[in-house]
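*Asks:* For reference, this is upload22.pdb, and it has PDB, C-alpha atoms, pLDDT in the B column.
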MODEL        1
ATOM      1  CA  ASP A 209      25.868 -18.005  -8.029  1.00 60.00           C
ATOM      2  CA  GLN A 210      27.672 -20.076 -10.624  1.00 71.00           C
ATOM      3  CA  ALA A 211      24.646 -22.349 -11.144  1.00 72.00           C
ATOM      4  CA  ARG A 212      22.450 -19.277 -11.629  1.00 72.00           C
ATOM      5  CA  LYS A 213      24.900 -17.693 -14.089  1.00 74.00           C
ATOM      6  CA  GLY A 214      24.027 -14.299 -12.640  1.00 73.00           C
ATOM      7  CA  ASN A 215      20.275 -14.761 -13.138  1.00 74.00           C
ATOM      8  CA  TRP A 216      18.175 -13.640 -10.175  1.00 77.00           C
ATOM      9  CA  LYS A 217      14.543 -13.497 -11.341  1.00 82.00           C
ATOM     10  CA  ALA A 218      13.218 -11.886  -8.137  1.00 82.00           C
ATOM     11  CA  LYS A 219      15.893  -9.170  -8.157  1.00 89.00           C
ATOM     12  CA  THR A 220      15.231  -8.537 -11.843  1.00 88.00           C
ATOM     13  CA  PHE A 221      11.478  -8.313 -11.212  1.00 87.00           C
ATOM     14  CA  GLU A 222      12.029  -5.921  -8.279  1.00 92.00           C
ATOM     15  CA  SER A 223      14.155  -3.547 -10.354  1.00 93.00           C
ATOM     16  CA  GLU A 224      11.859  -3.724 -13.392  1.00 92.00           C
ATOM     17  CA  LEU A 225       8.722  -3.120 -11.320  1.00 93.00           C
ATOM     18  CA  ALA A 226      10.374  -0.187  -9.515  1.00 95.00           C
ATOM     19  CA  GLU A 227      11.380   1.318 -12.848  1.00 96.00           C
ATOM     20  CA  ARG A 228       7.951   0.702 -14.405  1.00 94.00           C
ATOM     21  CA  ILE A 229       6.001   2.421 -11.646  1.00 94.00           C
ATOM     22  CA  GLY A 230       8.587   5.096 -10.957  1.00 96.00           C
ATOM     23  CA  VAL A 231       9.941   4.372  -7.473  1.00 97.00           C
ATOM     24  CA  ASN A 232      13.444   3.905  -6.163  1.00 97.00           C
ATOM     25  CA  HIS A 233      12.837   0.711  -4.186  1.00 97.00           C
ATOM     26  CA  CYS A 234      10.814  -2.476  -4.497  1.00 96.00           C
ATOM     27  CA  HIS A 235      10.828  -5.490  -2.189  1.00 96.00           C
ATOM     28  CA  LEU A 236       9.069  -8.702  -3.206  1.00 94.00           C
ATOM     29  CA  CYS A 237       7.353 -10.849  -0.604  1.00 93.00           C
ATOM     30  CA  SER A 238       5.056 -13.864  -0.366  1.00 91.00           C
ATOM     31  CA  SER A 239       1.665 -12.129  -0.789  1.00 91.00           C
ATOM     32  CA  GLY A 240      -0.250  -8.874  -0.803  1.00 89.00           C
ATOM     33  CA  THR A 241      -1.170  -9.584   2.817  1.00 93.00           C
ATOM     34  CA  ALA A 242       2.524  -9.903   3.664  1.00 95.00           C
ATOM     35  CA  ALA A 243       3.169  -6.638   1.797  1.00 95.00           C
ATOM     36  CA  LEU A 244       0.620  -4.848   3.991  1.00 96.00           C
ATOM     37  CA  SER A 245       2.167  -6.330   7.141  1.00 97.00           C
ATOM     38  CA  ILE A 246       5.670  -5.360   6.009  1.00 97.00           C
ATOM     39  CA  ALA A 247       4.489  -1.819   5.230  1.00 97.00           C
ATOM     40  CA  LEU A 248       2.910  -1.395   8.668  1.00 97.00           C
ATOM     41  CA  ALA A 249       5.984  -2.800  10.430  1.00 97.00           C
ATOM     42  CA  SER A 250       8.328  -0.630   8.329  1.00 96.00           C
ATOM     43  CA  CYS A 251       6.348   2.451   9.319  1.00 97.00           C
ATOM     44  CA  VAL A 252       6.568   1.382  12.991  1.00 97.00           C
ATOM     45  CA  ILE A 253       2.817   1.027  13.386  1.00 97.00           C
ATOM     46  CA  GLY A 254       1.902  -1.302  16.213  1.00 95.00           C
ATOM     47  CA  ALA A 255       0.210  -1.800  19.555  1.00 96.00           C
ATOM     48  CA  GLY A 256      -2.486   0.758  20.216  1.00 94.00           C
ATOM     49  CA  ASP A 257      -1.918   2.784  17.053  1.00 98.00           C
ATOM     50  CA  GLU A 258      -4.994   3.469  14.948  1.00 98.00           C
ATOM     51  CA  VAL A 259      -5.114   2.944  11.187  1.00 98.00           C
ATOM     52  CA  VAL A 260      -7.987   4.442   9.204  1.00 98.00           C
ATOM     53  CA  ILE A 261      -9.249   1.993   6.580  1.00 98.00           C
ATOM     54  CA  PRO A 262     -12.366   1.603   4.449  1.00 97.00           C
ATOM     55  CA  PRO A 263     -15.089  -0.824   5.569  1.00 95.00           C
ATOM     56  CA  PHE A 264     -15.300  -2.142   1.997  1.00 92.00           C
ATOM     57  CA  THR A 265     -12.034  -3.961   1.370  1.00 89.00           C
ATOM     58  CA  PHE A 266     -10.487  -7.398   1.157  1.00 86.00           C
ATOM     59  CA  VAL A 267     -10.086  -8.976   4.596  1.00 89.00           C
ATOM     60  CA  ALA A 268      -6.273  -8.796   4.363  1.00 90.00           C
ATOM     61  CA  THR A 269      -6.379  -5.037   4.982  1.00 94.00           C
ATOM     62  CA  VAL A 270      -8.042  -5.566   8.364  1.00 95.00           C
ATOM     63  CA  GLU A 271      -5.933  -8.646   9.156  1.00 95.00           C
ATOM     64  CA  ALA A 272      -2.658  -6.812   8.575  1.00 96.00           C
ATOM     65  CA  VAL A 273      -3.682  -3.975  10.891  1.00 97.00           C
ATOM     66  CA  LEU A 274      -4.741  -6.437  13.600  1.00 97.00           C
ATOM     67  CA  LEU A 275      -1.590  -8.527  13.147  1.00 96.00           C
ATOM     68  CA  ALA A 276       0.466  -5.369  13.744  1.00 97.00           C
ATOM     69  CA  GLY A 277      -1.355  -4.935  17.063  1.00 97.00           C
ATOM     70  CA  ALA A 278      -2.956  -1.761  15.756  1.00 98.00           C
ATOM     71  CA  VAL A 279      -6.637  -0.847  15.772  1.00 98.00           C
ATOM     72  CA  PRO A 280      -8.557  -0.617  12.485  1.00 98.00           C
ATOM     73  CA  VAL A 281     -10.815   2.437  12.388  1.00 98.00           C
ATOM     74  CA  PHE A 282     -13.391   2.527   9.627  1.00 98.00           C
ATOM     75  CA  ALA A 283     -14.157   5.697   7.690  1.00 98.00           C
ATOM     76  CA  GLU A 284     -16.987   5.973   5.186  1.00 97.00           C
ATOM     77  CA  ILE A 285     -16.585   5.201   1.498  1.00 96.00           C
ATOM     78  CA  ASP A 286     -18.066   7.165  -1.384  1.00 94.00           C
ATOM     79  CA  ARG A 287     -19.318   6.278  -4.854  1.00 93.00           C
ATOM     80  CA  THR A 288     -15.797   5.178  -5.831  1.00 92.00           C
ATOM     81  CA  LEU A 289     -16.120   2.303  -3.291  1.00 94.00           C
ATOM     82  CA  CYS A 290     -12.978   3.761  -1.685  1.00 95.00           C
ATOM     83  CA  LEU A 291     -12.357   6.014   1.315  1.00 96.00           C
ATOM     84  CA  ASP A 292     -14.284   9.267   1.192  1.00 97.00           C
ATOM     85  CA  PRO A 293     -11.590  11.907   1.839  1.00 95.00           C
ATOM     86  CA  ASP A 294     -14.200  14.225   3.352  1.00 95.00           C
ATOM     87  CA  ARG A 295     -15.095  11.621   6.014  1.00 97.00           C
ATOM     88  CA  ILE A 296     -11.627  10.438   7.116  1.00 98.00           C
ATOM     89  CA  GLU A 297     -10.966  13.313   9.482  1.00 96.00           C
ATOM     90  CA  GLU A 298     -14.209  12.523  11.380  1.00 97.00           C
ATOM     91  CA  VAL A 299     -12.690   9.286  12.713  1.00 98.00           C
ATOM     92  CA  MET A 300      -9.140  10.477  13.289  1.00 98.00           C
ATOM     93  CA  GLY A 301      -7.950  10.874  16.854  1.00 97.00           C
ATOM     94  CA  PRO A 302      -4.766  11.297  18.860  1.00 97.00           C
ATOM     95  CA  ARG A 303      -3.808   7.629  18.298  1.00 98.00           C
ATOM     96  CA  THR A 304      -4.251   7.774  14.514  1.00 98.00           C
ATOM     97  CA  LYS A 305      -0.890   6.958  13.010  1.00 98.00           C
ATOM     98  CA  SER A 306      -1.855   5.986   9.462  1.00 98.00           C
ATOM     99  CA  VAL A 307      -4.498   6.157   6.768  1.00 98.00           C
ATOM    100  CA  MET A 308      -4.596   3.178   4.422  1.00 97.00           C
ATOM    101  CA  PRO A 309      -6.537   3.954   1.249  1.00 97.00           C
ATOM    102  CA  VAL A 310      -7.493   0.852  -0.713  1.00 95.00           C
ATOM    103  CA  HIS A 311      -8.033   1.091  -4.464  1.00 93.00           C
ATOM    104  CA  MET A 312     -10.921  -1.391  -4.803  1.00 87.00           C
ATOM    105  CA  CYS A 313     -12.353  -3.358  -7.702  1.00 82.00           C
ATOM    106  CA  GLY A 314     -10.722  -1.254 -10.396  1.00 77.00           C
ATOM    107  CA  SER A 315     -11.789   1.982  -8.742  1.00 87.00           C
ATOM    108  CA  MET A 316      -9.255   4.513  -7.533  1.00 92.00           C
ATOM    109  CA  ALA A 317      -9.435   6.298  -4.195  1.00 95.00           C
ATOM    110  CA  HIS A 318      -9.223  10.095  -4.235  1.00 96.00           C
ATOM    111  CA  ILE A 319      -5.515   9.651  -3.631  1.00 96.00           C
ATOM    112  CA  ASP A 320      -4.566  13.299  -4.081  1.00 96.00           C
ATOM    113  CA  ALA A 321      -6.980  14.485  -1.390  1.00 97.00           C
ATOM    114  CA  ILE A 322      -6.096  11.598   0.942  1.00 97.00           C
ATOM    115  CA  THR A 323      -2.356  12.180   0.525  1.00 97.00           C
ATOM    116  CA  ASN A 324      -2.794  15.888   1.225  1.00 97.00           C
ATOM    117  CA  LEU A 325      -4.853  15.129   4.345  1.00 97.00           C
ATOM    118  CA  CYS A 326      -2.161  12.740   5.627  1.00 97.00           C
ATOM    119  CA  LYS A 327       0.552  15.347   5.080  1.00 97.00           C
ATOM    120  CA  ARG A 328      -1.516  18.027   6.808  1.00 97.00           C
ATOM    121  CA  LYS A 329      -2.251  15.756   9.785  1.00 97.00           C
ATOM    122  CA  GLY A 330       1.268  14.288   9.963  1.00 97.00           C
ATOM    123  CA  VAL A 331       0.158  10.673   9.573  1.00 97.00           C
ATOM    124  CA  VAL A 332       1.590   7.942   7.376  1.00 97.00           C
ATOM    125  CA  SER A 333      -0.169   7.070   4.136  1.00 97.00           C
ATOM    126  CA  ILE A 334       0.149   3.381   3.266  1.00 97.00           C
ATOM    127  CA  GLU A 335      -1.447   2.655  -0.099  1.00 96.00           C
ATOM    128  CA  ASP A 336      -3.134  -0.705  -0.532  1.00 94.00           C
ATOM    129  CA  ALA A 337      -2.824  -0.892  -4.304  1.00 92.00           C
ATOM    130  CA  CYS A 338      -3.060  -4.687  -4.341  1.00 84.00           C
ATOM    131  CA  GLN A 339      -5.890  -4.566  -6.887  1.00 82.00           C
ATOM    132  CA  SER A 340      -4.588  -1.738  -9.036  1.00 84.00           C
ATOM    133  CA  ILE A 341      -1.145  -2.423 -10.419  1.00 79.00           C
ATOM    134  CA  GLY A 342      -0.710  -0.467 -13.629  1.00 81.00           C
ATOM    135  CA  ALA A 343      -3.285   2.195 -12.779  1.00 85.00           C
ATOM    136  CA  THR A 344      -2.216   5.836 -12.712  1.00 88.00           C
ATOM    137  CA  PHE A 345      -3.512   9.200 -11.566  1.00 92.00           C
ATOM    138  CA  ASP A 346      -2.179  12.305 -13.316  1.00 93.00           C
ATOM    139  CA  GLY A 347       0.574  10.159 -14.839  1.00 93.00           C
ATOM    140  CA  LYS A 348       1.767   8.779 -11.497  1.00 94.00           C
ATOM    141  CA  ALA A 349       1.328   5.120 -10.562  1.00 94.00           C
ATOM    142  CA  LEU A 350      -1.079   4.165  -7.805  1.00 94.00           C
ATOM    143  CA  GLY A 351       0.892   2.788  -4.886  1.00 94.00           C
ATOM    144  CA  THR A 352       3.432   5.617  -5.141  1.00 96.00           C
ATOM    145  CA  PHE A 353       1.529   8.495  -3.548  1.00 96.00           C
ATOM    146  CA  GLY A 354       2.000   7.571   0.108  1.00 93.00           C
ATOM    147  CA  GLN A 355       5.164   6.777   2.003  1.00 96.00           C
ATOM    148  CA  ILE A 356       4.831   3.124   1.011  1.00 97.00           C
ATOM    149  CA  GLY A 357       2.628   1.137  -1.373  1.00 96.00           C
ATOM    150  CA  CYS A 358       1.576  -2.507  -1.520  1.00 95.00           C
ATOM    151  CA  PHE A 359       0.776  -4.828  -4.425  1.00 92.00           C
ATOM    152  CA  SER A 360      -0.488  -8.388  -4.786  1.00 86.00           C
ATOM    153  CA  PHE A 361       0.194 -10.901  -7.539  1.00 82.00           C
ATOM    154  CA  ASP A 362      -2.263 -13.615  -6.544  1.00 73.00           C
ATOM    155  CA  PRO A 363      -4.268 -15.496  -9.205  1.00 50.00           C
ATOM    156  CA  VAL A 364      -7.158 -12.999  -9.414  1.00 52.00           C
ATOM    157  CA  LYS A 365      -5.048  -9.860  -9.719  1.00 55.00           C
ATOM    158  CA  THR A 366      -4.237  -7.907 -12.891  1.00 63.00           C
ATOM    159  CA  VAL A 367      -0.641  -9.154 -12.890  1.00 60.00           C
ATOM    160  CA  THR A 368      -0.196 -12.586 -11.373  1.00 56.00           C
ATOM    161  CA  CYS A 369       2.721 -14.762 -10.399  1.00 64.00           C
ATOM    162  CA  GLY A 370       0.411 -17.389  -8.931  1.00 64.00           C
ATOM    163  CA  GLU A 371       1.052 -15.660  -5.600  1.00 68.00           C
ATOM    164  CA  GLY A 372       3.329 -12.988  -4.226  1.00 80.00           C
ATOM    165  CA  GLY A 373       3.355  -9.343  -3.325  1.00 90.00           C
ATOM    166  CA  ALA A 374       5.518  -6.251  -3.337  1.00 93.00           C
ATOM    167  CA  VAL A 375       6.227  -3.225  -1.194  1.00 97.00           C
ATOM    168  CA  VAL A 376       7.355  -0.076  -3.014  1.00 97.00           C
ATOM    169  CA  THR A 377       8.742   3.208  -1.739  1.00 97.00           C
ATOM    170  CA  ASP A 378      11.067   6.077  -2.484  1.00 96.00           C
ATOM    171  CA  ASP A 379      12.180   6.145   1.160  1.00 94.00           C
ATOM    172  CA  LYS A 380      15.518   4.353   1.566  1.00 95.00           C
ATOM    173  CA  GLY A 381      14.964   3.961   5.321  1.00 92.00           C
ATOM    174  CA  LEU A 382      11.573   2.287   4.895  1.00 92.00           C
ATOM    175  CA  TYR A 383      13.016   0.044   2.197  1.00 92.00           C
ATOM    176  CA  THR A 384      15.926  -0.978   4.416  1.00 91.00           C
ATOM    177  CA  ILE A 385      13.520  -1.971   7.193  1.00 89.00           C
ATOM    178  CA  ALA A 386      11.234  -3.788   4.733  1.00 89.00           C
ATOM    179  CA  GLU A 387      13.939  -5.923   3.234  1.00 85.00           C
TER
ENDMDL
END
Please, can you express the file's structure as structure tokens?

*Replies:*
Amino acid sequence: DQARKGNWKAKTFESELAERIGVNHCHLCSSGTAALSIALASCVIGAGDEVVIPPFTFVATVEAVLLAGAVPVFAEIDRTLCLDPDRIEEVMGPRTKSVMPVHMCGSMAHIDAITNLCKRKGVVSIEDACQSIGATFDGKALGTFGQIGCFSFDPVKTVTCGEGGAVVTDDKGLYTIAE
């Protein structure tokens, strides 16, 4: 600690990002893909569980679900290029444990409707906001609507660190597992 003189760039970035987007907890990790994997593991999603995702997404969304041992289930997208909230319920079944909306290519999912559906159905909402840091809906940051949100800082993202990712949440328990 003496060599650092109290400077911890990652801890500073975590607290500043949490403050900026309005959450209590932020955990940095190696990539957006890692953030998705950490989010799934923190929410105890694994073998045999189903996760509803859009068919139009970056491959990391599917990879993280498969890596968790879960089953990706595709629901239709709409003109936003994101999950169509009216079509999600069609593919939900007794093994559905999570819906993972992905805000794609600068377009925002209908996060209010998706969040409400998840609450009504009692499933976890994990927001893949890897491509939308800084975006808001009704004054609230994307990535903060579900139980846990994920961001990426790779070279083609809005905010880049060369690589890296973050998991954000207001849930102290999820944060404790994530870190």

*Asks:* Please provide as an MDAnalysis selection string all residues within 8 Å of Ala337 of chain A, with the sequence filter that same-chain residues fewer than 6 positions apart are discarded (counting only C-alpha atoms).

*Replies:* chainID A and resid 310:311 350:351 357:360

*Asks:* Just checking: using only C-alpha atoms, which residue out of A:Glu297, A:Asp292, A:Asp336, A:Glu222 ends up closest to Phe266 of chain A?

*Replies:*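 Checking each of A:Glu297, A:Asp292, A:Asp336, A:Glu222 against Phe266 of chain A, counting only C-alpha atoms, the winner is A:Asp336.
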
*Asks:* For atom CA of Ala255 of chain A and atom CA of Pro280 of chain A, determine how far apart the two atoms are, in Å to one decimal place.

*Replies:*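 Taking atom CA of Ala255 of chain A and atom CA of Pro280 of chain A, their separation equals 11.3 Å.
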
*Asks:* Please provide the set of residues having any atom within 10 Å of Lys219 of chain A, restricted to only C-alpha atoms, with same-chain residues fewer than 3 positions apart removed, written as a list in words.

*Replies:*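 Listing them by chain and then by number gives Asn215, Trp216, Glu222, Ser223, Glu224, Leu225, Cys234, His235 and Leu236 of chain A.
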
*Asks:* Where does the PyMOL selection byres ((chain A and resi 316) around 10) land in this file, that is, which residues does it pick, as a PyMOL selection string?

*Replies:* chain A and resi 288-291+309-315+317-319+337+339-340+343-345+350

*Asks:* Between atom CA of Ile356 of chain A and atom CA of Leu274 of chain A, what is the distance in Å, rounded to a tenth?

*Replies:*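 A separation of 18.5 Å between them.
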
*Asks:* On this file, the PyMOL selection byres ((chain A and resi 251) around 9) gives some set of residues; write that set as an MDAnalysis selection string.

*Replies:* chainID A and resid 246:250 252:253 306 332 334 355:356 382 385

*Asks:* Rank nothing, just name the residue among A:Ile322, A:Ala349, A:Ala283, A:Ala276 nearest to Thr377 of chain A, using all atoms listed in the file.

*Replies:*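 Closest to Thr377 of chain A of all the choices is A:Ala349.
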
*Asks:* Once the PyMOL selection byres ((chain A and resi 373) around 6) has been applied to the shown file, what residues remain in the selection, as a count of residues only?

*Replies:* 11

*Asks:* Write out as a short mmCIF file (atom, residue, chain, number, x, y, z; two decimals) with C-alpha atoms, keeping the file's coordinate frame the residues lying within 10 Å of Thr304 of chain A, counting only C-alpha atoms and excluding same-chain residues fewer than 5 positions away.

*Replies:*
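The result, written out as selection02.cif:
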data_model
loop_
_atom_site.label_atom_id
_atom_site.label_comp_id
_atom_site.auth_asym_id
_atom_site.auth_seq_id
_atom_site.Cartn_x
_atom_site.Cartn_y
_atom_site.Cartn_z
CA ILE A 253 2.82 1.03 13.39
CA GLY A 256 -2.49 0.76 20.22
CA ASP A 257 -1.92 2.78 17.05
CA GLU A 258 -4.99 3.47 14.95
CA VAL A 259 -5.11 2.94 11.19
CA VAL A 260 -7.99 4.44 9.20
CA ALA A 278 -2.96 -1.76 15.76
CA VAL A 279 -6.64 -0.85 15.77
CA PRO A 280 -8.56 -0.62 12.48
CA VAL A 281 -10.82 2.44 12.39
CA VAL A 299 -12.69 9.29 12.71
CA LYS A 329 -2.25 15.76 9.78
CA GLY A 330 1.27 14.29 9.96
CA VAL A 331 0.16 10.67 9.57
CA VAL A 332 1.59 7.94 7.38
#

*Asks:* Between atom CA of Glu227 of chain A and atom CA of Arg328 of chain A, what is the distance in Å, rounded to a tenth?

*Replies:*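 So the two atoms, atom CA of Glu227 of chain A and atom CA of Arg328 of chain A, lie 28.8 Å apart.
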
*Asks:* Got a sec: who's within 7 Å of Ser333 of chain A, counting only C-alpha atoms, leaving out chain neighbours fewer than 6 positions off, as a PDB file with C-alpha atoms, keeping the file's coordinate frame?

*Replies:*
ATOM      1  CA  SER A 306      -1.855   5.986   9.462  1.00 98.00           C
ATOM      2  CA  VAL A 307      -4.498   6.157   6.768  1.00 98.00           C
ATOM      3  CA  MET A 308      -4.596   3.178   4.422  1.00 97.00           C
ATOM      4  CA  THR A 323      -2.356  12.180   0.525  1.00 97.00           C
ATOM      5  CA  CYS A 326      -2.161  12.740   5.627  1.00 97.00           C
ATOM      6  CA  GLY A 354       2.000   7.571   0.108  1.00 93.00           C
ATOM      7  CA  GLN A 355       5.164   6.777   2.003  1.00 96.00           C
TER       8      GLN A 355
END

*Asks:* Using all atoms listed in the file, pick whichever of A:Ile261, A:Arg287, A:Ile296, A:Ala386 has the shortest atom-to-atom distance to Asn324 of chain A.

*Replies:*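 Among the listed residues, the smallest separation from Asn324 of chain A belongs to A:Ile296.
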
*Asks:* Applying 8 Å and all atoms listed in the file, which residues near Gly230 of chain A remain after dropping the ones on its own chain fewer than 4 positions away? List them as a count of residues only.

*Replies:* 4

*Asks:* With only C-alpha atoms as the basis for distance, which of A:Asp320, A:Gly347, A:Asp362, A:Gly342 is at the shortest distance from Ala242 of chain A?

*Replies:*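 Smallest separation from Ala242 of chain A among the options: A:Asp362.
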
*Asks:* So, with all atoms listed in the file as the atoms that count, which of A:Asp346, A:Glu335, A:Asp379, A:Asp294 lies closest to Ala321 of chain A?

*Replies:* A:Asp294

*Asks:* Output segment 325-343 of chain A with N, CA, C and O atoms present, as a PDB file, in the frame of the given file.

*Replies:*
ATOM      1  N   LEU A 325      -4.354  15.206   2.974  1.00 97.00           N
ATOM      2  CA  LEU A 325      -4.853  15.129   4.345  1.00 97.00           C
ATOM      3  C   LEU A 325      -3.805  14.497   5.265  1.00 97.00           C
ATOM      4  O   LEU A 325      -3.544  15.001   6.365  1.00 97.00           O
ATOM      5  N   CYS A 326      -3.191  13.414   4.821  1.00 97.00           N
ATOM      6  CA  CYS A 326      -2.161  12.740   5.627  1.00 97.00           C
ATOM      7  C   CYS A 326      -0.988  13.668   5.907  1.00 97.00           C
ATOM      8  O   CYS A 326      -0.491  13.729   7.036  1.00 97.00           O
ATOM      9  N   LYS A 327      -0.554  14.398   4.895  1.00 97.00           N
ATOM     10  CA  LYS A 327       0.552  15.347   5.080  1.00 97.00           C
ATOM     11  C   LYS A 327       0.161  16.431   6.074  1.00 97.00           C
ATOM     12  O   LYS A 327       0.929  16.775   6.967  1.00 97.00           O
ATOM     13  N   ARG A 328      -1.043  16.956   5.927  1.00 97.00           N
ATOM     14  CA  ARG A 328      -1.516  18.027   6.808  1.00 97.00           C
ATOM     15  C   ARG A 328      -1.625  17.553   8.259  1.00 97.00           C
ATOM     16  O   ARG A 328      -1.296  18.282   9.185  1.00 97.00           O
ATOM     17  N   LYS A 329      -2.053  16.305   8.443  1.00 97.00           N
ATOM     18  CA  LYS A 329      -2.251  15.756   9.785  1.00 97.00           C
ATOM     19  C   LYS A 329      -0.991  15.091  10.345  1.00 97.00           C
ATOM     20  O   LYS A 329      -0.967  14.688  11.505  1.00 97.00           O
ATOM     21  N   GLY A 330       0.033  14.911   9.509  1.00 97.00           N
ATOM     22  CA  GLY A 330       1.268  14.288   9.963  1.00 97.00           C
ATOM     23  C   GLY A 330       1.145  12.809  10.233  1.00 97.00           C
ATOM     24  O   GLY A 330       1.779  12.272  11.143  1.00 97.00           O
ATOM     25  N   VAL A 331       0.305  12.125   9.440  1.00 97.00           N
ATOM     26  CA  VAL A 331       0.158  10.673   9.573  1.00 97.00           C
ATOM     27  C   VAL A 331       0.673   9.982   8.314  1.00 97.00           C
ATOM     28  O   VAL A 331       0.730  10.570   7.238  1.00 97.00           O
ATOM     29  N   VAL A 332       1.032   8.741   8.468  1.00 97.00           N
ATOM     30  CA  VAL A 332       1.590   7.942   7.376  1.00 97.00           C
ATOM     31  C   VAL A 332       0.485   7.490   6.427  1.00 97.00           C
ATOM     32  O   VAL A 332      -0.566   7.025   6.870  1.00 97.00           O
ATOM     33  N   SER A 333       0.739   7.606   5.150  1.00 97.00           N
ATOM     34  CA  SER A 333      -0.169   7.070   4.136  1.00 97.00           C
ATOM     35  C   SER A 333       0.435   5.789   3.574  1.00 97.00           C
ATOM     36  O   SER A 333       1.520   5.807   2.999  1.00 97.00           O
ATOM     37  N   ILE A 334      -0.262   4.680   3.805  1.00 97.00           N
ATOM     38  CA  ILE A 334       0.149   3.381   3.266  1.00 97.00           C
ATOM     39  C   ILE A 334      -0.894   2.999   2.233  1.00 97.00           C
ATOM     40  O   ILE A 334      -2.049   2.758   2.574  1.00 97.00           O
ATOM     41  N   GLU A 335      -0.500   2.948   0.977  1.00 96.00           N
ATOM     42  CA  GLU A 335      -1.447   2.655  -0.099  1.00 96.00           C
ATOM     43  C   GLU A 335      -1.591   1.162  -0.328  1.00 96.00           C
ATOM     44  O   GLU A 335      -0.628   0.477  -0.651  1.00 96.00           O
ATOM     45  N   ASP A 336      -2.812   0.670  -0.176  1.00 94.00           N
ATOM     46  CA  ASP A 336      -3.134  -0.705  -0.532  1.00 94.00           C
ATOM     47  C   ASP A 336      -3.562  -0.675  -1.999  1.00 94.00           C
ATOM     48  O   ASP A 336      -4.717  -0.417  -2.331  1.00 94.00           O
ATOM     49  N   ALA A 337      -2.584  -0.904  -2.862  1.00 92.00           N
ATOM     50  CA  ALA A 337      -2.824  -0.892  -4.304  1.00 92.00           C
ATOM     51  C   ALA A 337      -2.809  -2.317  -4.850  1.00 92.00           C
ATOM     52  O   ALA A 337      -2.513  -2.541  -6.027  1.00 92.00           O
ATOM     53  N   CYS A 338      -3.131  -3.270  -3.974  1.00 84.00           N
ATOM     54  CA  CYS A 338      -3.060  -4.687  -4.341  1.00 84.00           C
ATOM     55  C   CYS A 338      -3.904  -5.020  -5.565  1.00 84.00           C
ATOM     56  O   CYS A 338      -3.560  -5.911  -6.328  1.00 84.00           O
ATOM     57  N   GLN A 339      -5.007  -4.287  -5.760  1.00 82.00           N
ATOM     58  CA  GLN A 339      -5.890  -4.566  -6.887  1.00 82.00           C
ATOM     59  C   GLN A 339      -5.728  -3.572  -8.039  1.00 82.00           C
ATOM     60  O   GLN A 339      -6.579  -3.522  -8.919  1.00 82.00           O
ATOM     61  N   SER A 340      -4.646  -2.804  -8.027  1.00 84.00           N
ATOM     62  CA  SER A 340      -4.588  -1.738  -9.036  1.00 84.00           C
ATOM     63  C   SER A 340      -3.227  -1.542  -9.678  1.00 84.00           C
ATOM     64  O   SER A 340      -2.905  -0.435 -10.113  1.00 84.00           O
ATOM     65  N   ILE A 341      -2.441  -2.582  -9.777  1.00 79.00           N
ATOM     66  CA  ILE A 341      -1.145  -2.423 -10.419  1.00 79.00           C
ATOM     67  C   ILE A 341      -1.345  -1.982 -11.870  1.00 79.00           C
ATOM     68  O   ILE A 341      -2.220  -2.493 -12.572  1.00 79.00           O
ATOM     69  N   GLY A 342      -0.598  -0.989 -12.269  1.00 81.00           N
ATOM     70  CA  GLY A 342      -0.710  -0.467 -13.629  1.00 81.00           C
ATOM     71  C   GLY A 342      -1.590   0.758 -13.745  1.00 81.00           C
ATOM     72  O   GLY A 342      -1.521   1.475 -14.741  1.00 81.00           O
ATOM     73  N   ALA A 343      -2.416   1.024 -12.736  1.00 85.00           N
ATOM     74  CA  ALA A 343      -3.285   2.195 -12.779  1.00 85.00           C
ATOM     75  C   ALA A 343      -2.499   3.444 -12.411  1.00 85.00           C
ATOM     76  O   ALA A 343      -1.549   3.388 -11.629  1.00 85.00           O
TER      77      ALA A 343
END
